[in-house]
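Written below as structure tokens is the structure these notes are about.
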Amino acid sequence: LLNINVGGTLFQIAYKVVARYPITRLGKLALSTDPMKKLQLCDDYSVQKNEYFFDRDPSIFHYIFHFYRSGVLWIMDEMCPSNFVEEIEYWGIHLKYSQRCCWILFEEKQDELSEHLKIQKELEAELEPLDSAEHFEGKFLGRFRKIIWNLIENPYSSVPAKIIAVMSSFFVLISIVGMTLSTVEEMKHMTAKMWMEQLETVCAIFFTSEYLMRLISSSSFKNFLRAAFNAVDLVAILPFYIQILFENLDEGDMLYHEELHKMENVSKLGKVLKLIKLMRIFRILKLARHSTGLRAFGFTMRQCYQQVCCLLLFIAMGVFTFSALMHSVEHDVPGTNFTSIPYTWWWAAVSLSTVGYGDTVPDTVLGRVVAFGCISFGIILNGMPISILYNKFSDYYAKLKAHENQT
């Protein structure tokens with residue numbers, strides 16, 4: 001018999017039993033005739049008891065011991081996958097010796113654990129600041145840049161930092177409100193327009209100052225440019241300066257070009273300026289810097305992009321299928337709006353989303369049957385991902401909030 005002491009628990013097994021598996025640790029121990037090699041395979045050896053000692057987990061070795069006797073490796077659900085894999089690798093036993101049902105369940109649990117650890121790491125990185133206090137040690141004006149960094153990036157470091165964070169959110173909201181009011185007809189007269197321009201200038205100055213302070217306080221210019229939030233800040237302030245540049249170019253055209261050519265340029269320039277002004281709407285994304293909910297939503301979209309893409313694929317399939325069916329049964333009806341499949345796409349899209357504007361409706365019985373099928377498919381389709389997305393969003397939000405409070 002081979003006497004084995006695993007973590008203080010004694011096991012006895014016949015030499016010929018473990019010798020059937022020569023590539024395992026105990027199989028090599030049983031077949032080896034060199035005492036030095038045997039000592040290398042175990043942690044210690046008692047000459048008086050003729051006992052090999054292994055400083056391993058005895059609770060898991062019970063399953064290893066059972067494997068040598070029966071030839072089957074059993075896996076219990078309560079085991080930690082990482083610990084179990086580490087133990088069986090030490091003993092030189094492969095998972096292929098386990099039953100197929102145990103193997104499949106164990107791999108699923110292992111994948112689930114790996115995914116959980118990966119998401120946990122990404123959640124921590126989501127709230128981890130771009131720089132930390134240690135990065136400023138030994139840098140040029142390190143103490144000064146650290147103070148600015150705490151003011152801008154760490155709202156919980158001091159009262160002034162919290163005031164700056166509140167001011168940043170306030171200016172974002174004011175800017176969005178100003179952009180919205182500038183489109184109202186009553187606000188387009190000279191006095192209101194002048195006030196809106198002054199408000200936009202004040203907001204742009206604040207956003208520019210905030211961006212420059214972040215740039216100055218950054219310990220790495222390369223990492224600063226890679227950060228998503230800093231890209232959002234840049235997009236928030238660029239439209240203002242691009243608008244000023246185009247307006248100056250407009251004045252140059254007024255001085256040096258003929259009247260007809262000038263009017264064409266003004267028309268083209270007006271369209272470009274409208275597009276540039278519209279880019280100011282991206283300032284709302286700046287709120288994500290101080291909003292855990294928006295961060296959790298963005299994180300959920302990144303983690304569930306496969307489910308979202310699958311949902312969009314199903315929607316596209318439904319739109320094409322039901323628009324083709326509706327056109328085939330309705331195109332002969334006098335005065336119908338289903339004149340072609342592309343014209344029917346709009347009806348299929350609003351029906352699948354269960355919005356149903358009612359601007360285009362079928363007239364025949366077959367058309368109504370197709371419409372009922374389209375709406376039923378839309379209800380089923382819309383109900384599939386909502387629970388998944390909501391559960392993940394609530395889970396990520398709770399974890400982000402807990403990690404944020406702990407930090």
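We name chains A, B, ... following the order of the structure tokens; residues begin at 1 in each chain, and ligands are numbered from 1 as shown.
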Excluding Asp57 (chain A) and residues on its chain fewer than 4 positions from it, collect all residues at most 12 Å away from it, counting only C-alpha atoms, and give them as a list in words.
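These residues fall inside the cut-off: Asn5, Val6, Gly7, Gly8, Thr9, Phe53, Phe61, His62, Tyr63, Ile64, Asn83, Phe84, Glu86, Glu87, Ile88, Tyr90 and Trp91 of chain A.
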Restrict the selected residues to C-alpha atoms and save them as a compact mmCIF listing (two decimals), in the first residue's frame.
# COMPACT_ATOMS: atom_id res chain seq x y z
CA ASN A 5 -0.74 12.13 4.11
CA VAL A 6 -2.57 15.08 2.52
CA GLY A 7 -2.84 18.09 4.83
CA GLY A 8 -2.96 15.85 7.92
CA THR A 9 -5.45 13.30 6.54
CA PHE A 53 3.31 14.04 2.92
CA PHE A 61 -8.09 15.05 -2.52
CA HIS A 62 -11.10 12.92 -1.59
CA TYR A 63 -12.23 13.30 -5.22
CA ILE A 64 -8.69 12.51 -6.45
CA ASN A 83 -9.14 26.12 -6.79
CA PHE A 84 -10.28 22.76 -8.19
CA GLU A 86 -5.27 24.26 -9.53
CA GLU A 87 -5.49 21.10 -7.39
CA ILE A 88 -6.06 18.62 -10.22
CA TYR A 90 -0.96 19.67 -9.25
CA TRP A 91 -1.94 15.99 -9.07
Trp74 (chain A) environment, 12 Å, only C-alpha atoms, sequence neighbours closer than 4 positions dropped, as a PyMOL selection string
chain A and resi 60-70+79+84+88+93-103+105-106
Write out as a CSV table (one decimal) with N, CA, C and O atoms, in the first residue's frame each polymer residue whose atoms come within 9 Å of Leu41 (chain A), counting only C-alpha atoms; drop sequence neighbours fewer than 5 positions from it.
chain,number,residue,atom,x,y,z
A,25,ARG,N,0.8,12.5,-10.7
A,25,ARG,CA,1.9,12.6,-9.7
A,25,ARG,C,2.0,11.4,-8.9
A,25,ARG,O,3.2,10.9,-8.6
A,26,LEU,N,0.9,10.8,-8.4
A,26,LEU,CA,1.0,9.6,-7.6
A,26,LEU,C,1.5,8.4,-8.5
A,26,LEU,O,2.1,7.5,-8.0
A,28,LYS,N,3.6,8.5,-11.0
A,28,LYS,CA,5.1,8.6,-11.1
A,28,LYS,C,5.7,8.2,-9.8
A,28,LYS,O,6.8,7.6,-9.8
A,29,LEU,N,5.1,8.6,-8.7
A,29,LEU,CA,5.6,8.2,-7.4
A,29,LEU,C,5.6,6.7,-7.2
A,29,LEU,O,6.6,6.2,-6.6
A,36,MET,N,15.4,10.1,-4.7
A,36,MET,CA,15.5,11.5,-4.9
A,36,MET,C,14.4,12.0,-5.7
A,36,MET,O,13.8,13.1,-5.5
So that I can check the secondary structure, give me every residue of region 170-224 of chain A assigned alpha helix (DSSP H) by backbone DSSP, as a count of residues only.
44
If we count only C-alpha atoms and set the cut-off at 12 Å, which residues sit around Phe372 (chain A), ignoring sequence neighbours fewer than 4 positions away in its own chain? Please answer as a PyMOL selection string.
chain A and resi 322+326+348+351-352+354+356+361-362+365-368+376-379
Residues of the last selection are to be written out with N, CA and C atoms, as a CSV table (one decimal), in the first residue's frame.
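Dumped to result.csv:
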chain,number,residue,atom,x,y,z
A,322,PHE,N,-42.2,41.2,-43.1
A,322,PHE,CA,-43.6,41.7,-43.1
A,322,PHE,C,-43.9,42.8,-44.1
A,326,MET,N,-46.9,42.3,-46.7
A,326,MET,CA,-47.9,43.4,-46.8
A,326,MET,C,-48.0,43.9,-48.2
A,348,ALA,N,-43.9,48.7,-41.4
A,348,ALA,CA,-43.4,47.5,-40.7
A,348,ALA,C,-42.6,47.9,-39.4
A,351,SER,N,-44.9,49.2,-36.7
A,351,SER,CA,-45.8,48.1,-36.2
A,351,SER,C,-45.0,47.2,-35.3
A,352,LEU,N,-43.7,46.9,-35.7
A,352,LEU,CA,-42.9,46.0,-34.9
A,352,LEU,C,-42.5,46.7,-33.5
A,354,THR,N,-44.5,48.5,-31.9
A,354,THR,CA,-45.8,48.6,-31.3
A,354,THR,C,-46.2,50.1,-31.1
A,356,GLY,N,-47.3,52.2,-33.8
A,356,GLY,CA,-48.5,52.2,-34.6
A,356,GLY,C,-49.1,53.6,-34.8
A,361,VAL,N,-52.4,52.1,-43.1
A,361,VAL,CA,-53.1,51.0,-42.5
A,361,VAL,C,-53.6,50.1,-43.7
A,362,PRO,N,-53.7,48.8,-43.4
A,362,PRO,CA,-54.1,47.8,-44.5
A,362,PRO,C,-55.7,47.9,-44.6
A,365,VAL,N,-58.6,42.0,-45.7
A,365,VAL,CA,-58.6,41.1,-44.5
A,365,VAL,C,-57.2,40.4,-44.4
A,366,LEU,N,-56.6,40.0,-45.5
A,366,LEU,CA,-55.3,39.4,-45.5
A,366,LEU,C,-54.3,40.4,-44.9
A,367,GLY,N,-54.4,41.6,-45.3
A,367,GLY,CA,-53.5,42.7,-44.9
A,367,GLY,C,-53.6,42.8,-43.4
A,368,ARG,N,-54.8,42.8,-42.8
A,368,ARG,CA,-55.0,42.9,-41.4
A,368,ARG,C,-54.4,41.7,-40.6
A,376,SER,N,-47.8,41.1,-33.3
A,376,SER,CA,-47.5,40.0,-32.3
A,376,SER,C,-46.0,39.7,-32.2
A,377,PHE,N,-45.4,39.6,-33.4
A,377,PHE,CA,-43.9,39.4,-33.5
A,377,PHE,C,-43.2,40.5,-32.8
A,378,GLY,N,-43.6,41.8,-32.9
A,378,GLY,CA,-43.0,42.9,-32.3
A,378,GLY,C,-43.1,42.9,-30.8
A,379,ILE,N,-44.3,42.4,-30.3
A,379,ILE,CA,-44.5,42.3,-28.8
A,379,ILE,C,-43.5,41.3,-28.2
How many Å separate CA of Val85 (chain A) from CA of Gln306 (chain A)?
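Separation of CA of Val85 (chain A) and CA of Gln306 (chain A): 29.5 Å.
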Which distance in Å separates CA of Asp44 (chain A) and CA of Asn3 (chain A), to one decimal?
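Computing it gives 12.3 Å between the two atoms.
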Could you pull out the residues in region 9-104 of chain A that DSSP calls strand (DSSP E) from the backbone, as a PDB file with N, CA, C and O atoms, in the first residue's frame?
ATOM      1  N   THR A   9      -4.501  14.406   6.709  1.00  0.00           N
ATOM      2  CA  THR A   9      -5.448  13.297   6.539  1.00  0.00           C
ATOM      3  C   THR A   9      -4.740  12.154   5.828  1.00  0.00           C
ATOM      4  O   THR A   9      -4.127  12.356   4.766  1.00  0.00           O
ATOM      5  N   LEU A  10      -4.816  10.958   6.405  1.00  0.00           N
ATOM      6  CA  LEU A  10      -4.097   9.793   5.876  1.00  0.00           C
ATOM      7  C   LEU A  10      -4.959   9.041   4.876  1.00  0.00           C
ATOM      8  O   LEU A  10      -6.131   8.766   5.115  1.00  0.00           O
ATOM      9  N   PHE A  11      -4.336   8.673   3.745  1.00  0.00           N
ATOM     10  CA  PHE A  11      -4.990   7.870   2.707  1.00  0.00           C
ATOM     11  C   PHE A  11      -4.067   6.705   2.384  1.00  0.00           C
ATOM     12  O   PHE A  11      -2.835   6.854   2.353  1.00  0.00           O
ATOM     13  N   GLN A  12      -4.671   5.545   2.107  1.00  0.00           N
ATOM     14  CA  GLN A  12      -3.909   4.366   1.701  1.00  0.00           C
ATOM     15  C   GLN A  12      -4.503   3.810   0.410  1.00  0.00           C
ATOM     16  O   GLN A  12      -5.712   3.620   0.301  1.00  0.00           O
ATOM     17  N   ILE A  13      -3.620   3.565  -0.536  1.00  0.00           N
ATOM     18  CA  ILE A  13      -4.068   3.065  -1.831  1.00  0.00           C
ATOM     19  C   ILE A  13      -3.005   2.127  -2.381  1.00  0.00           C
ATOM     20  O   ILE A  13      -1.807   2.299  -2.113  1.00  0.00           O
ATOM     21  N   ASP A  44       7.267  16.046   1.723  1.00  0.00           N
ATOM     22  CA  ASP A  44       8.083  15.469   2.791  1.00  0.00           C
ATOM     23  C   ASP A  44       7.842  13.956   2.826  1.00  0.00           C
ATOM     24  O   ASP A  44       6.867  13.447   2.242  1.00  0.00           O
ATOM     25  N   TYR A  45       8.760  13.258   3.544  1.00  0.00           N
ATOM     26  CA  TYR A  45       8.645  11.799   3.645  1.00  0.00           C
ATOM     27  C   TYR A  45       9.037  11.361   5.050  1.00  0.00           C
ATOM     28  O   TYR A  45      10.071  11.806   5.581  1.00  0.00           O
ATOM     29  N   SER A  46       8.180  10.523   5.654  1.00  0.00           N
ATOM     30  CA  SER A  46       8.449   9.987   6.988  1.00  0.00           C
ATOM     31  C   SER A  46       8.972   8.556   6.838  1.00  0.00           C
ATOM     32  O   SER A  46       8.251   7.670   6.351  1.00  0.00           O
ATOM     33  N   GLU A  51       5.570   7.147   4.933  1.00  0.00           N
ATOM     34  CA  GLU A  51       4.411   7.985   4.590  1.00  0.00           C
ATOM     35  C   GLU A  51       4.879   9.206   3.809  1.00  0.00           C
ATOM     36  O   GLU A  51       5.804   9.908   4.226  1.00  0.00           O
ATOM     37  N   TYR A  52       4.213   9.451   2.682  1.00  0.00           N
ATOM     38  CA  TYR A  52       4.520  10.621   1.839  1.00  0.00           C
ATOM     39  C   TYR A  52       3.546  11.756   2.195  1.00  0.00           C
ATOM     40  O   TYR A  52       2.324  11.542   2.204  1.00  0.00           O
ATOM     41  N   PHE A  53       4.136  12.902   2.481  1.00  0.00           N
ATOM     42  CA  PHE A  53       3.310  14.036   2.917  1.00  0.00           C
ATOM     43  C   PHE A  53       3.149  15.053   1.786  1.00  0.00           C
ATOM     44  O   PHE A  53       4.118  15.400   1.101  1.00  0.00           O
ATOM     45  N   PHE A  54       1.903  15.530   1.593  1.00  0.00           N
ATOM     46  CA  PHE A  54       1.592  16.563   0.597  1.00  0.00           C
ATOM     47  C   PHE A  54       0.840  17.693   1.294  1.00  0.00           C
ATOM     48  O   PHE A  54      -0.196  17.447   1.922  1.00  0.00           O
TER      49      PHE A  54
END
Might you pull out every residue within 7 Å of region 230-244 of chain A, with only C-alpha atoms counted and same-chain residues fewer than 4 positions away left off, and present them as a short mmCIF file (atom, residue, chain, number, x, y, z; two decimals) with all heavy atoms, in the first residue's frame?
data_model
loop_
_atom_site.label_atom_id
_atom_site.label_comp_id
_atom_site.auth_asym_id
_atom_site.auth_seq_id
_atom_site.Cartn_x
_atom_site.Cartn_y
_atom_site.Cartn_z
N ALA A 204 -18.76 78.49 -23.28
CA ALA A 204 -17.57 78.03 -24.01
C ALA A 204 -16.29 78.37 -23.25
O ALA A 204 -15.35 77.57 -23.22
CB ALA A 204 -17.55 78.65 -25.40
N PHE A 207 -16.02 75.85 -20.36
CA PHE A 207 -15.63 74.52 -20.83
C PHE A 207 -14.18 74.50 -21.30
O PHE A 207 -13.47 73.52 -21.06
CB PHE A 207 -16.56 74.08 -21.97
CG PHE A 207 -17.98 73.86 -21.55
CD1 PHE A 207 -19.03 74.18 -22.42
CD2 PHE A 207 -18.29 73.35 -20.31
CE1 PHE A 207 -20.34 73.98 -22.04
CE2 PHE A 207 -19.60 73.15 -19.92
CZ PHE A 207 -20.63 73.47 -20.78
N THR A 208 -13.74 75.58 -21.94
CA THR A 208 -12.34 75.66 -22.39
C THR A 208 -11.39 75.69 -21.20
O THR A 208 -10.36 75.00 -21.20
CB THR A 208 -12.14 76.90 -23.27
OG1 THR A 208 -13.08 76.90 -24.34
CG2 THR A 208 -10.73 76.93 -23.84
N TYR A 211 -11.21 72.27 -19.70
CA TYR A 211 -10.43 71.35 -20.53
C TYR A 211 -8.93 71.63 -20.38
O TYR A 211 -8.12 70.70 -20.26
CB TYR A 211 -10.84 71.49 -21.99
CG TYR A 211 -10.15 70.53 -22.92
CD1 TYR A 211 -10.58 69.22 -23.05
CD2 TYR A 211 -9.06 70.93 -23.69
CE1 TYR A 211 -9.95 68.33 -23.90
CE2 TYR A 211 -8.42 70.05 -24.54
CZ TYR A 211 -8.87 68.76 -24.65
OH TYR A 211 -8.23 67.88 -25.49
N PHE A 224 -4.11 61.18 -21.69
CA PHE A 224 -5.14 62.21 -21.67
C PHE A 224 -5.93 62.21 -22.98
O PHE A 224 -7.16 62.31 -22.99
CB PHE A 224 -4.51 63.58 -21.42
CG PHE A 224 -5.48 64.72 -21.44
CD1 PHE A 224 -6.22 65.05 -20.31
CD2 PHE A 224 -5.68 65.47 -22.59
CE1 PHE A 224 -7.12 66.09 -20.32
CE2 PHE A 224 -6.57 66.52 -22.61
CZ PHE A 224 -7.30 66.82 -21.47
N LEU A 225 -5.22 62.10 -24.10
CA LEU A 225 -5.89 62.12 -25.41
C LEU A 225 -6.69 60.85 -25.66
O LEU A 225 -7.67 60.87 -26.40
CB LEU A 225 -4.86 62.30 -26.52
CG LEU A 225 -4.12 63.66 -26.55
CD1 LEU A 225 -3.09 63.68 -27.67
CD2 LEU A 225 -5.11 64.81 -26.72
N ASN A 248 -15.80 84.35 -39.61
CA ASN A 248 -14.73 85.21 -40.11
C ASN A 248 -14.48 84.98 -41.59
O ASN A 248 -14.23 85.91 -42.36
CB ASN A 248 -13.44 84.98 -39.32
CG ASN A 248 -13.55 85.50 -37.89
OD1 ASN A 248 -14.30 86.43 -37.63
ND2 ASN A 248 -12.81 84.90 -36.98
N LEU A 273 -22.84 75.90 -40.65
CA LEU A 273 -22.96 76.46 -39.31
C LEU A 273 -24.08 75.79 -38.52
O LEU A 273 -23.97 75.56 -37.32
CB LEU A 273 -23.18 77.97 -39.37
CG LEU A 273 -21.95 78.82 -39.72
CD1 LEU A 273 -22.34 80.27 -39.87
CD2 LEU A 273 -20.88 78.68 -38.64
N ILE A 276 -22.74 72.53 -37.35
CA ILE A 276 -21.77 72.73 -36.27
C ILE A 276 -22.49 73.08 -34.97
O ILE A 276 -22.14 72.58 -33.89
CB ILE A 276 -20.75 73.82 -36.65
CG1 ILE A 276 -19.86 73.32 -37.79
CG2 ILE A 276 -19.90 74.22 -35.45
CD1 ILE A 276 -18.99 74.38 -38.40
N LYS A 277 -23.49 73.93 -35.06
CA LYS A 277 -24.26 74.29 -33.86
C LYS A 277 -24.97 73.07 -33.28
O LYS A 277 -25.13 72.97 -32.06
CB LYS A 277 -25.27 75.39 -34.19
CG LYS A 277 -24.64 76.76 -34.44
CD LYS A 277 -25.70 77.78 -34.77
CE LYS A 277 -25.08 79.15 -35.02
NZ LYS A 277 -26.10 80.17 -35.36
N MET A 279 -23.85 70.16 -33.18
CA MET A 279 -22.88 69.34 -32.44
C MET A 279 -22.82 69.70 -30.97
O MET A 279 -22.32 68.93 -30.15
CB MET A 279 -21.49 69.49 -33.07
CG MET A 279 -21.33 68.82 -34.41
SD MET A 279 -19.72 69.18 -35.15
CE MET A 279 -18.63 68.45 -33.93
N ARG A 280 -23.35 70.88 -30.60
CA ARG A 280 -23.34 71.26 -29.19
C ARG A 280 -24.21 70.35 -28.33
O ARG A 280 -24.09 70.36 -27.11
CB ARG A 280 -23.82 72.72 -29.05
CG ARG A 280 -22.83 73.74 -29.56
CD ARG A 280 -23.31 75.15 -29.33
NE ARG A 280 -24.49 75.47 -30.13
CZ ARG A 280 -25.18 76.60 -30.03
NH1 ARG A 280 -24.83 77.51 -29.15
NH2 ARG A 280 -26.22 76.82 -30.79
N PHE A 282 -23.89 67.35 -28.02
CA PHE A 282 -23.03 66.35 -27.40
C PHE A 282 -22.53 66.78 -26.03
O PHE A 282 -21.93 65.99 -25.31
CB PHE A 282 -21.84 66.03 -28.31
CG PHE A 282 -22.22 65.28 -29.56
CD1 PHE A 282 -22.17 65.88 -30.80
CD2 PHE A 282 -22.66 63.97 -29.49
CE1 PHE A 282 -22.52 65.20 -31.95
CE2 PHE A 282 -23.02 63.27 -30.63
CZ PHE A 282 -22.96 63.89 -31.86
N ARG A 283 -22.76 68.05 -25.68
CA ARG A 283 -22.36 68.51 -24.35
C ARG A 283 -23.11 67.78 -23.24
O ARG A 283 -22.64 67.72 -22.11
CB ARG A 283 -22.60 70.02 -24.22
CG ARG A 283 -21.65 70.85 -25.06
CD ARG A 283 -21.97 72.33 -24.96
NE ARG A 283 -21.08 73.11 -25.80
CZ ARG A 283 -21.21 74.42 -25.99
NH1 ARG A 283 -22.20 75.08 -25.40
NH2 ARG A 283 -20.35 75.06 -26.76
N LEU A 285 -23.33 64.79 -22.93
CA LEU A 285 -22.53 63.63 -22.53
C LEU A 285 -21.55 63.97 -21.42
O LEU A 285 -21.04 63.06 -20.75
CB LEU A 285 -21.77 63.08 -23.75
CG LEU A 285 -22.61 62.54 -24.90
CD1 LEU A 285 -21.73 62.11 -26.06
CD2 LEU A 285 -23.50 61.39 -24.45
N LYS A 286 -21.28 65.27 -21.22
CA LYS A 286 -20.38 65.66 -20.13
C LYS A 286 -20.96 65.31 -18.77
O LYS A 286 -20.22 65.17 -17.79
CB LYS A 286 -20.10 67.17 -20.21
CG LYS A 286 -19.15 67.58 -21.32
CD LYS A 286 -19.06 69.08 -21.44
CE LYS A 286 -18.44 69.71 -20.20
NZ LYS A 286 -17.01 69.36 -20.02
#
I'd like the neighbourhood of Phe297 (chain A) as a PDB file with N, CA and C atoms, in the first residue's frame, where a residue qualifies if any of its atoms comes within 9 Å (using only C-alpha atoms), though same-chain residues fewer than 3 positions away should be ignored.
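Now in selection_11.pdb:
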ATOM      1  N   THR A 292     -23.306  58.415 -12.048  1.00  0.00           N
ATOM      2  CA  THR A 292     -23.092  56.971 -12.004  1.00  0.00           C
ATOM      3  C   THR A 292     -24.105  56.244 -12.887  1.00  0.00           C
ATOM      4  N   GLY A 293     -25.328  56.777 -12.951  1.00  0.00           N
ATOM      5  CA  GLY A 293     -26.366  56.144 -13.768  1.00  0.00           C
ATOM      6  C   GLY A 293     -26.007  56.138 -15.244  1.00  0.00           C
ATOM      7  N   LEU A 294     -25.506  57.270 -15.761  1.00  0.00           N
ATOM      8  CA  LEU A 294     -25.113  57.339 -17.171  1.00  0.00           C
ATOM      9  C   LEU A 294     -23.925  56.431 -17.451  1.00  0.00           C
ATOM     10  N   THR A 300     -23.425  49.101 -19.628  1.00  0.00           N
ATOM     11  CA  THR A 300     -24.367  48.044 -19.995  1.00  0.00           C
ATOM     12  C   THR A 300     -24.420  47.870 -21.506  1.00  0.00           C
ATOM     13  N   MET A 301     -24.430  48.980 -22.239  1.00  0.00           N
ATOM     14  CA  MET A 301     -24.457  48.893 -23.703  1.00  0.00           C
ATOM     15  C   MET A 301     -23.191  48.231 -24.245  1.00  0.00           C
ATOM     16  N   ARG A 302     -22.054  48.532 -23.623  1.00  0.00           N
ATOM     17  CA  ARG A 302     -20.803  47.922 -24.080  1.00  0.00           C
ATOM     18  C   ARG A 302     -20.775  46.421 -23.779  1.00  0.00           C
ATOM     19  N   PHE A 393     -28.296  46.224 -16.141  1.00  0.00           N
ATOM     20  CA  PHE A 393     -28.116  47.635 -15.804  1.00  0.00           C
ATOM     21  C   PHE A 393     -28.227  47.852 -14.296  1.00  0.00           C
ATOM     22  N   TYR A 396     -25.086  46.391 -12.637  1.00  0.00           N
ATOM     23  CA  TYR A 396     -23.896  47.220 -12.850  1.00  0.00           C
ATOM     24  C   TYR A 396     -24.008  48.538 -12.077  1.00  0.00           C
ATOM     25  N   TYR A 397     -25.201  49.097 -12.037  1.00  0.00           N
ATOM     26  CA  TYR A 397     -25.384  50.360 -11.318  1.00  0.00           C
ATOM     27  C   TYR A 397     -25.106  50.175  -9.819  1.00  0.00           C
TER      28      TYR A 397
END
Excluding Phe320 (chain A) and its own-chain neighbours fewer than 4 positions away, which residues fall within 12 Å of it when counting only C-alpha atoms? Please give them as a PyMOL selection string.
chain A and resi 313-316+324-327+340-349+352+374
Could you write out the selected residues, including N, CA, C and O atoms, as a short mmCIF file (atom, residue, chain, number, x, y, z; two decimals), in the first residue's frame?
data_model
loop_
_atom_site.label_atom_id
_atom_site.label_comp_id
_atom_site.auth_asym_id
_atom_site.auth_seq_id
_atom_site.Cartn_x
_atom_site.Cartn_y
_atom_site.Cartn_z
N LEU A 313 -30.77 42.79 -35.60
CA LEU A 313 -30.89 41.84 -36.70
C LEU A 313 -32.30 41.28 -36.80
O LEU A 313 -32.88 41.18 -37.90
N PHE A 314 -32.89 40.93 -35.65
CA PHE A 314 -34.27 40.42 -35.64
C PHE A 314 -35.25 41.48 -36.15
O PHE A 314 -36.19 41.17 -36.88
N ILE A 315 -35.02 42.73 -35.75
CA ILE A 315 -35.89 43.83 -36.21
C ILE A 315 -35.79 43.98 -37.71
O ILE A 315 -36.82 44.12 -38.41
N ALA A 316 -34.56 43.94 -38.24
CA ALA A 316 -34.37 44.07 -39.69
C ALA A 316 -35.05 42.92 -40.43
O ALA A 316 -35.71 43.13 -41.46
N ALA A 324 -42.63 42.78 -47.10
CA ALA A 324 -42.82 42.04 -48.34
C ALA A 324 -44.20 41.36 -48.37
O ALA A 324 -44.90 41.38 -49.40
N LEU A 325 -44.61 40.79 -47.22
CA LEU A 325 -45.93 40.15 -47.16
C LEU A 325 -47.05 41.17 -47.33
O LEU A 325 -48.03 40.93 -48.07
N MET A 326 -46.90 42.33 -46.66
CA MET A 326 -47.94 43.35 -46.76
C MET A 326 -48.04 43.91 -48.17
O MET A 326 -49.16 44.13 -48.68
N HIS A 327 -46.92 44.11 -48.82
CA HIS A 327 -46.96 44.63 -50.20
C HIS A 327 -47.61 43.63 -51.14
O HIS A 327 -48.37 44.00 -52.05
N SER A 340 -44.81 49.92 -52.87
CA SER A 340 -43.56 49.17 -53.05
C SER A 340 -43.08 48.69 -51.69
O SER A 340 -43.53 49.18 -50.64
N ILE A 341 -42.17 47.75 -51.71
CA ILE A 341 -41.65 47.22 -50.45
C ILE A 341 -40.89 48.29 -49.65
O ILE A 341 -41.08 48.40 -48.43
N PRO A 342 -40.04 49.13 -50.29
CA PRO A 342 -39.39 50.20 -49.50
C PRO A 342 -40.38 51.15 -48.83
O PRO A 342 -40.14 51.61 -47.70
N TYR A 343 -41.52 51.47 -49.52
CA TYR A 343 -42.53 52.33 -48.90
C TYR A 343 -43.21 51.63 -47.72
O TYR A 343 -43.75 52.29 -46.83
N THR A 344 -43.19 50.30 -47.72
CA THR A 344 -43.84 49.52 -46.66
C THR A 344 -42.94 49.35 -45.44
O THR A 344 -43.41 48.96 -44.38
N TRP A 345 -41.64 49.65 -45.61
CA TRP A 345 -40.71 49.50 -44.49
C TRP A 345 -41.14 50.35 -43.28
O TRP A 345 -41.03 49.91 -42.14
N TRP A 346 -41.59 51.57 -43.56
CA TRP A 346 -41.98 52.46 -42.46
C TRP A 346 -43.13 51.86 -41.66
O TRP A 346 -43.11 51.86 -40.42
N TRP A 347 -44.13 51.33 -42.36
CA TRP A 347 -45.26 50.70 -41.66
C TRP A 347 -44.78 49.52 -40.83
O TRP A 347 -45.19 49.36 -39.67
N ALA A 348 -43.90 48.69 -41.39
CA ALA A 348 -43.41 47.51 -40.67
C ALA A 348 -42.60 47.93 -39.44
O ALA A 348 -42.72 47.30 -38.38
N ALA A 349 -41.82 48.99 -39.56
CA ALA A 349 -40.98 49.44 -38.44
C ALA A 349 -41.83 49.94 -37.28
O ALA A 349 -41.60 49.56 -36.12
N LEU A 352 -43.72 46.91 -35.70
CA LEU A 352 -42.86 46.05 -34.88
C LEU A 352 -42.53 46.69 -33.54
O LEU A 352 -42.43 46.01 -32.52
N CYS A 374 -47.42 40.85 -37.56
CA CYS A 374 -46.30 41.78 -37.37
C CYS A 374 -46.30 42.37 -35.96
O CYS A 374 -45.25 42.43 -35.30
#
Rounded to one decimal in Å, what is the spacing between CA of Arg226 (chain A) and CA of Ser394 (chain A)?
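Taking CA of Arg226 (chain A) as the start and CA of Ser394 (chain A) as the end point, the length is 28.2 Å.
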Nearest to Ile174 (chain A) among A:Leu113, A:Phe299, A:Ser158, A:Ile284, with distances taken over only C-alpha atoms: which residue is it?
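Result for the nearest residue to Ile174 (chain A): A:Ile284.
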